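Colleague: Supplied in structure tokens, the structure appears directly below.
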Protein chains: 2
Amino acid sequence: MSGPGDWRDLFVATDERGLRTLSEAAAKAVDSLDHASSGPRSSDTPSQLRERVRALEVCPVEGVALDRVLDEFGRVLWAHAVRPSHVASVAHLHPPSVVPAVVTELAISASNQSMDSWDQSPAATEMELHLMDFLARRLGLAEVASGVMTSGGTASNVLGLTLSRSWAAAKLGVDVLKAGLPPEARRWRLVTSDQAHFSVQRAAAQLGLGRDAVVNVATDRTGAMDVDALDATLSQLDEAGLVPIAISATAGTTDLGAIDPLAQIAERARRRGAWFHVDAAVAGAFVMSEALRPRLAGIEAADSVTIDFHKLWWQPFNASALVVRDVERFDLLRVRSDYLDRGDELDGMVNLVGRSLDTSRRFDAAKVVAALRTIGTSTFAEMIESLVELTVYAARRIEASEVLALVAPVSAVSVVFDAPGHDADELRRVQQGLLARGEMILGRTVIKGRAALKFTFMNPLATRADVDELIAVVTRGFVPG
Amino acid sequence: MSGPGDWRDLFVATDERGLRTLSEAAAKAVDSLDHASSGPRSSDTPSQLRERVRALEVCPVEGVALDRVLDEFGRVLWAHAVRPSHVASVAHLHPPSVVPAVVTELAISASNQSMDSWDQSPAATEMELHLMDFLARRLGLAEVASGVMTSGGTASNVLGLTLSRSWAAAKLGVDVLKAGLPPEARRWRLVTSDQAHFSVQRAAAQLGLGRDAVVNVATDRTGAMDVDALDATLSQLDEAGLVPIAISATAGTTDLGAIDPLAQIAERARRRGAWFHVDAAVAGAFVMSEALRPRLAGIEAADSVTIDFHKLWWQPFNASALVVRDVERFDLLRVRSDYLDRGDELDGMVNLVGRSLDTSRRFDAAKVVAALRTIGTSTFAEMIESLVELTVYAARRIEASEVLALVAPVSAVSVVFDAPGHDADELRRVQQGLLARGEMILGRTVIKGRAALKFTFMNPLATRADVDELIAVVTRGFVPG
């Protein structure tokens, strides 16, 4: 049997030897990325990839040298990854990541702070709070606003809507987290648009209300919530004796990038005492640009806002946040425990577990701050504006195309289109063919029953020439030669 | 206005220039860790830390050079972090992280795969499935078992209990995710021990059942569920017309490390058709040791199991998993969407969003495999066994102490003790003093109404001499000089 001395180099240490070990291994991990294919992904099939991956035993009896493992990962995982930094990776809200964030990930995981309690993350807790304050100010919320980092937009939406459920129950004098859903909950409804992300439905399902409790308001041709339709929906709910406990607006829908009329929706939510949640996972980064910020007018009236740093803020996964208009709203969530967050600590110690649906939690705020501080608002605004401009350019080119046609006007960084005369099966064939051959990761979706293809522009390094080439490649899929 | 050319070095690229940029920045990020204090943390107060952190503007108009930002982070964040690798970090299940995992984090975030759909993570999807299969086999589950990575033990427990709720509803012919909780749900109960993690209560709260739906079964003096008490509880539920939809056993309680009698509980769950969930966040790593594996006998009968790789598998946060006995159980969760997981893809493409409560999700499986493959089962078993032995040693030393006394027998890697003649306020004073001075991150909790202190041993590099020193330091807190 071996002992502590033999395991020393396995664990992170911050003495000279430890840092040298870590530095050398990090350099090798970077080298392993060199195996990437030239396209957005390799052309391996699922079964070929399965075979490559399964050739690596997860945990052999005797360990394999780290250098070799990193090299294997290079050949098996990174060479057959999707490259979100490739200009032909345009299917999803899947960003290329920025260097300051990526290298900070190394420090985050080496230091391994846990955000649930102050005594596992003292300076880190303060930094997360600092970032949340920054974000709240950018959103135009008051001093009392704050937030918490979550693992993703879905988690942020679920957290916001969890708070809305507690809020509604509290008005009835019910602690829903303790007592469960009251009988009145059968009449509760979550109102959102028919273009909202499916995580609103998922939240309703998770919270015991069920997806049937989600009422979908019609959208206009851009994909934004139609306020007249909202008014009609609210009247119908009144007539049916149903209670809209929350209205969830979307700032940047998943497919069309549409931004709901936030100020008008806010006014209706306020009038009825409904919680006003804004899912700004997609377009939240517009708060960083003076030119784009006005499109989010009304967001400052939100009770809660979802921001995904791992979308148009170019952070590696995971990095999302939920901001609330008053930090005391988190009291709606709080569960005390005897081993964390007892409430009898020294002055000023904040245990973030009280704000979160998670317990142990990574210090993802560090990478976001490293990136923002390195980039600066001026460059950040230019990058986000250039993507919006590139999207407008792509839409114009598709409008001018004889083969492709826009399905809806563009609002943010995605362009949804189809190929008139070609049915859903043909769209599928083209998209799956490009994916299978590793030529393009193209989006495919359905807008109001109509099958469509989608470009999502996440990479500020992409140029108009790249867009022309993407359109040419897709066009050849329908009109060969 | 600048343009794409100016932003090139900001984004990860895998050409020669890009890899050099990344490698140099990574080396600097490692160097920034050199500022760590010599104790388990610095002695800065919350307000001092707040001031240091707030001196860094999150996003100035013009960006700050990355080298400088990394250096600032070294001085402000990492120098004032808790060091989980320090032998006096013994409060929580907060592990020192291993080098293979930490450097793989760099590749994970550089490649930025997203685990929700195959076309964002082709090889990565296969690797996560491979790891889940490995884990399921280690747990003794059948070939049809599989799992999914989650952000933490709480998320894994919530996912397991979400499945149990759907399972119970399905027996009534109800799709609870669609229709919401049926009236019968008022009678549903989640049965667990009074030492279970608070995430079981949190799951009940989240699911709309409420914390009141959690029935706590008494535990024996080790903290393990008392099977006679379980039988009595189940009889009482029967008499009251209440339905135990799930029994959640714990393999390694948070404070005492106790392992419930899994086989006996499994038998009772099966007899009643209740879902059998095992929260093995703490002791799940025992499956890696032939000597310790028998303590988990019965885990192979679970419907779902929570495993936290970011505990006794020494992974940086986040890395958790939920394993289910039959992959088809995930159908209880599935929400189709038009832009992901349409079900019409090429042969063999798996979209993991169908198994998860998250959408975008990080490729955390890579770091786990990198670490396990490097360590090997033989060394892994030695490390976990050495921690268990060290804990037994610490318990003996406390038994022999004239100042400290064991509160309960030890079961895994934690020792809970108090100081007879000293009340809760004095325990608090000692623990908070050690924390404030940066001398020790000591645990403090309450066991069955009795205030207590806690050592949690997560670091295989700790020695018996370190344990002697920890005990001496705590003793001096009560009996100075």
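Starting from 1 in every chain, residues are counted up; chains themselves are A, B, ... following the order of the structure tokens, and ligands are numbered from 1 as listed.
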Need the shell around A:Ala365: protein/DNA/RNA residues with any atom at most 12 Å away, counting only C-alpha atoms. Skip same-chain ones fewer than 6 positions apart. Format as number ranges by chain?
Modeller: A: 101, 104-105, 108, 113-115, 121, 123-135, 147-151, 308-310, 315-321, 371-372; B: 58, 77
Colleague: I'd like the contact shell of stretch 217-221 of chain B - 10 Å cut-off, only C-alpha atoms, skipping same-chain residues fewer than 2 positions apart - returned as a count of residues only.
Modeller: 27
Colleague: Per DSSP on the backbone, what are the strand (DSSP E) residues of stretch 19-184 of chain A, as an NGL selection string?
Modeller: :A and (146-150)
Colleague: Would you work out the distance separating atom CA of B:Ala204 from atom CA of A:Leu333, expressed in Å to one decimal?
Modeller: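 Atom-to-atom, atom CA of B:Ala204 to atom CA of A:Leu333, that is 12.9 Å.
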Colleague: Write down as a ChimeraX atom specification the residues belonging to stretch 32-257 of chain B that are assigned alpha helix (DSSP H) by DSSP computed on the backbone.
Modeller: /B:32,46-54,66-73,99-111,122-138,153-171,176-179,199-206,227-239
Colleague: Just checking: using only C-alpha atoms, which residue out of B:Leu262, B:Leu470, B:Val102, B:Met349 ends up closest to A:Ala436?
Modeller: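 Under the stated criterion, the closest residue is B:Met349.
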Colleague: Give me the residues within 10 Å of B:Gln431 as a PDB file with N, CA and C atoms, in the first residue's frame, counting only C-alpha atoms and dropping any in the same chain fewer than 6 places off.
Modeller:
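The resulting part.pdb:
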```pdb
ATOM      1  N   GLU A 345     -23.429  33.731  12.423  1.00  0.00           N
ATOM      2  CA  GLU A 345     -22.029  33.958  12.094  1.00  0.00           C
ATOM      3  C   GLU A 345     -21.608  35.399  12.378  1.00  0.00           C
TER       4      GLU A 345
ATOM      5  N   ALA B  91     -13.936  21.660   7.541  1.00  0.00           N
ATOM      6  CA  ALA B  91     -15.323  21.944   7.919  1.00  0.00           C
ATOM      7  C   ALA B  91     -16.330  21.136   7.111  1.00  0.00           C
ATOM      8  N   ASP B 425     -22.685  28.228  22.796  1.00  0.00           N
ATOM      9  CA  ASP B 425     -22.047  29.529  22.567  1.00  0.00           C
ATOM     10  C   ASP B 425     -20.529  29.430  22.584  1.00  0.00           C
ATOM     11  N   GLU B 439      -7.028  30.241  11.069  1.00  0.00           N
ATOM     12  CA  GLU B 439      -6.227  29.118  11.571  1.00  0.00           C
ATOM     13  C   GLU B 439      -6.794  27.754  11.194  1.00  0.00           C
ATOM     14  N   MET B 440      -8.118  27.684  11.172  1.00  0.00           N
ATOM     15  CA  MET B 440      -8.731  26.399  10.831  1.00  0.00           C
ATOM     16  C   MET B 440     -10.143  26.656  10.315  1.00  0.00           C
ATOM     17  N   ILE B 441     -10.527  25.909   9.274  1.00  0.00           N
ATOM     18  CA  ILE B 441     -11.918  25.948   8.831  1.00  0.00           C
ATOM     19  C   ILE B 441     -12.535  24.702   9.454  1.00  0.00           C
ATOM     20  N   LEU B 442     -13.166  24.925  10.598  1.00  0.00           N
ATOM     21  CA  LEU B 442     -13.705  23.835  11.409  1.00  0.00           C
ATOM     22  C   LEU B 442     -15.215  23.782  11.196  1.00  0.00           C
ATOM     23  N   GLY B 443     -15.780  22.577  11.178  1.00  0.00           N
ATOM     24  CA  GLY B 443     -17.225  22.448  11.009  1.00  0.00           C
ATOM     25  C   GLY B 443     -17.961  22.670  12.317  1.00  0.00           C
ATOM     26  N   ARG B 444     -19.200  23.124  12.205  1.00  0.00           N
ATOM     27  CA  ARG B 444     -20.053  23.289  13.382  1.00  0.00           C
ATOM     28  C   ARG B 444     -21.449  22.896  12.967  1.00  0.00           C
ATOM     29  N   LEU B 453     -19.057  20.208  17.077  1.00  0.00           N
ATOM     30  CA  LEU B 453     -18.034  20.603  16.112  1.00  0.00           C
ATOM     31  C   LEU B 453     -17.742  19.399  15.210  1.00  0.00           C
ATOM     32  N   LYS B 454     -17.099  19.662  14.104  1.00  0.00           N
ATOM     33  CA  LYS B 454     -16.926  18.579  13.128  1.00  0.00           C
ATOM     34  C   LYS B 454     -15.625  18.727  12.350  1.00  0.00           C
ATOM     35  N   VAL B 474      -7.804  22.778  18.543  1.00  0.00           N
ATOM     36  CA  VAL B 474      -9.190  22.918  19.026  1.00  0.00           C
ATOM     37  C   VAL B 474      -9.208  22.843  20.553  1.00  0.00           C
ATOM     38  N   GLY B 477      -8.484  25.957  22.237  1.00  0.00           N
ATOM     39  CA  GLY B 477      -9.588  26.914  22.185  1.00  0.00           C
ATOM     40  C   GLY B 477     -10.447  26.854  23.438  1.00  0.00           C
TER      41      GLY B 477
END
```
Colleague: Could you check the closest approach to A:Ile375 for each of A:Val278, A:Met288, A:Ala472, A:Leu56 and tell me which residue wins, using only C-alpha atoms?
Modeller: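 Counting only C-alpha atoms, the residue closest to A:Ile375 is A:Met288.
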Colleague: For stretch 159-175 of chain A, find every residue with an atom within 7 Å (counting only C-alpha atoms), except residues of its own chain fewer than 4 positions away, and show them as a PyMOL selection string.
Modeller: chain A and resi 155+179+203+245-246+275+277+304+322+332-333
Colleague: Could you write those residues out with N, CA and C atoms, as an mmCIF file, in the first residue's frame?
Modeller:
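Once everything was written out, this is selection.cif:
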```cif
data_model
loop_
_atom_site.group_PDB
_atom_site.id
_atom_site.type_symbol
_atom_site.label_atom_id
_atom_site.label_comp_id
_atom_site.auth_asym_id
_atom_site.auth_seq_id
_atom_site.Cartn_x
_atom_site.Cartn_y
_atom_site.Cartn_z
ATOM 1 N N ALA A 155 -32.182 26.875 -15.316
ATOM 2 C CA ALA A 155 -32.145 26.969 -13.854
ATOM 3 C C ALA A 155 -32.546 28.365 -13.386
ATOM 4 N N ALA A 179 -45.820 23.914 3.106
ATOM 5 C CA ALA A 179 -47.130 23.244 3.125
ATOM 6 C C ALA A 179 -47.500 22.593 1.805
ATOM 7 N N ALA A 203 -40.437 24.676 -15.899
ATOM 8 C CA ALA A 203 -40.602 25.212 -14.549
ATOM 9 C C ALA A 203 -41.993 24.866 -14.026
ATOM 10 N N ILE A 245 -50.307 34.181 -11.964
ATOM 11 C CA ILE A 245 -49.390 34.525 -10.855
ATOM 12 C C ILE A 245 -48.106 35.154 -11.374
ATOM 13 N N ALA A 246 -47.753 34.844 -12.609
ATOM 14 C CA ALA A 246 -46.536 35.417 -13.185
ATOM 15 C C ALA A 246 -46.728 35.624 -14.680
ATOM 16 N N TRP A 275 -46.163 38.471 -10.748
ATOM 17 C CA TRP A 275 -44.697 38.544 -10.783
ATOM 18 C C TRP A 275 -44.281 38.760 -12.235
ATOM 19 N N HIS A 277 -41.387 38.310 -14.679
ATOM 20 C CA HIS A 277 -40.087 37.701 -14.946
ATOM 21 C C HIS A 277 -39.686 38.009 -16.384
ATOM 22 N N SER A 304 -37.781 39.698 -11.629
ATOM 23 C CA SER A 304 -36.605 38.837 -11.768
ATOM 24 C C SER A 304 -36.203 38.787 -13.239
ATOM 25 N N LEU A 322 -29.599 34.827 -12.002
ATOM 26 C CA LEU A 322 -30.932 35.366 -11.796
ATOM 27 C C LEU A 322 -30.790 36.605 -10.923
ATOM 28 N N LEU A 332 -38.022 34.357 0.180
ATOM 29 C CA LEU A 332 -39.096 33.449 -0.238
ATOM 30 C C LEU A 332 -38.589 32.020 -0.413
ATOM 31 N N LEU A 333 -37.288 31.871 -0.443
ATOM 32 C CA LEU A 333 -36.671 30.603 -0.840
ATOM 33 C C LEU A 333 -35.963 29.915 0.295
#
```
Colleague: What separation in Å, quoted to one decimal, exists between atom CA of A:Ala145 and atom CA of B:Trp78?
Modeller: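 Separation between atom CA of A:Ala145 and atom CA of B:Trp78: 27.0 Å.
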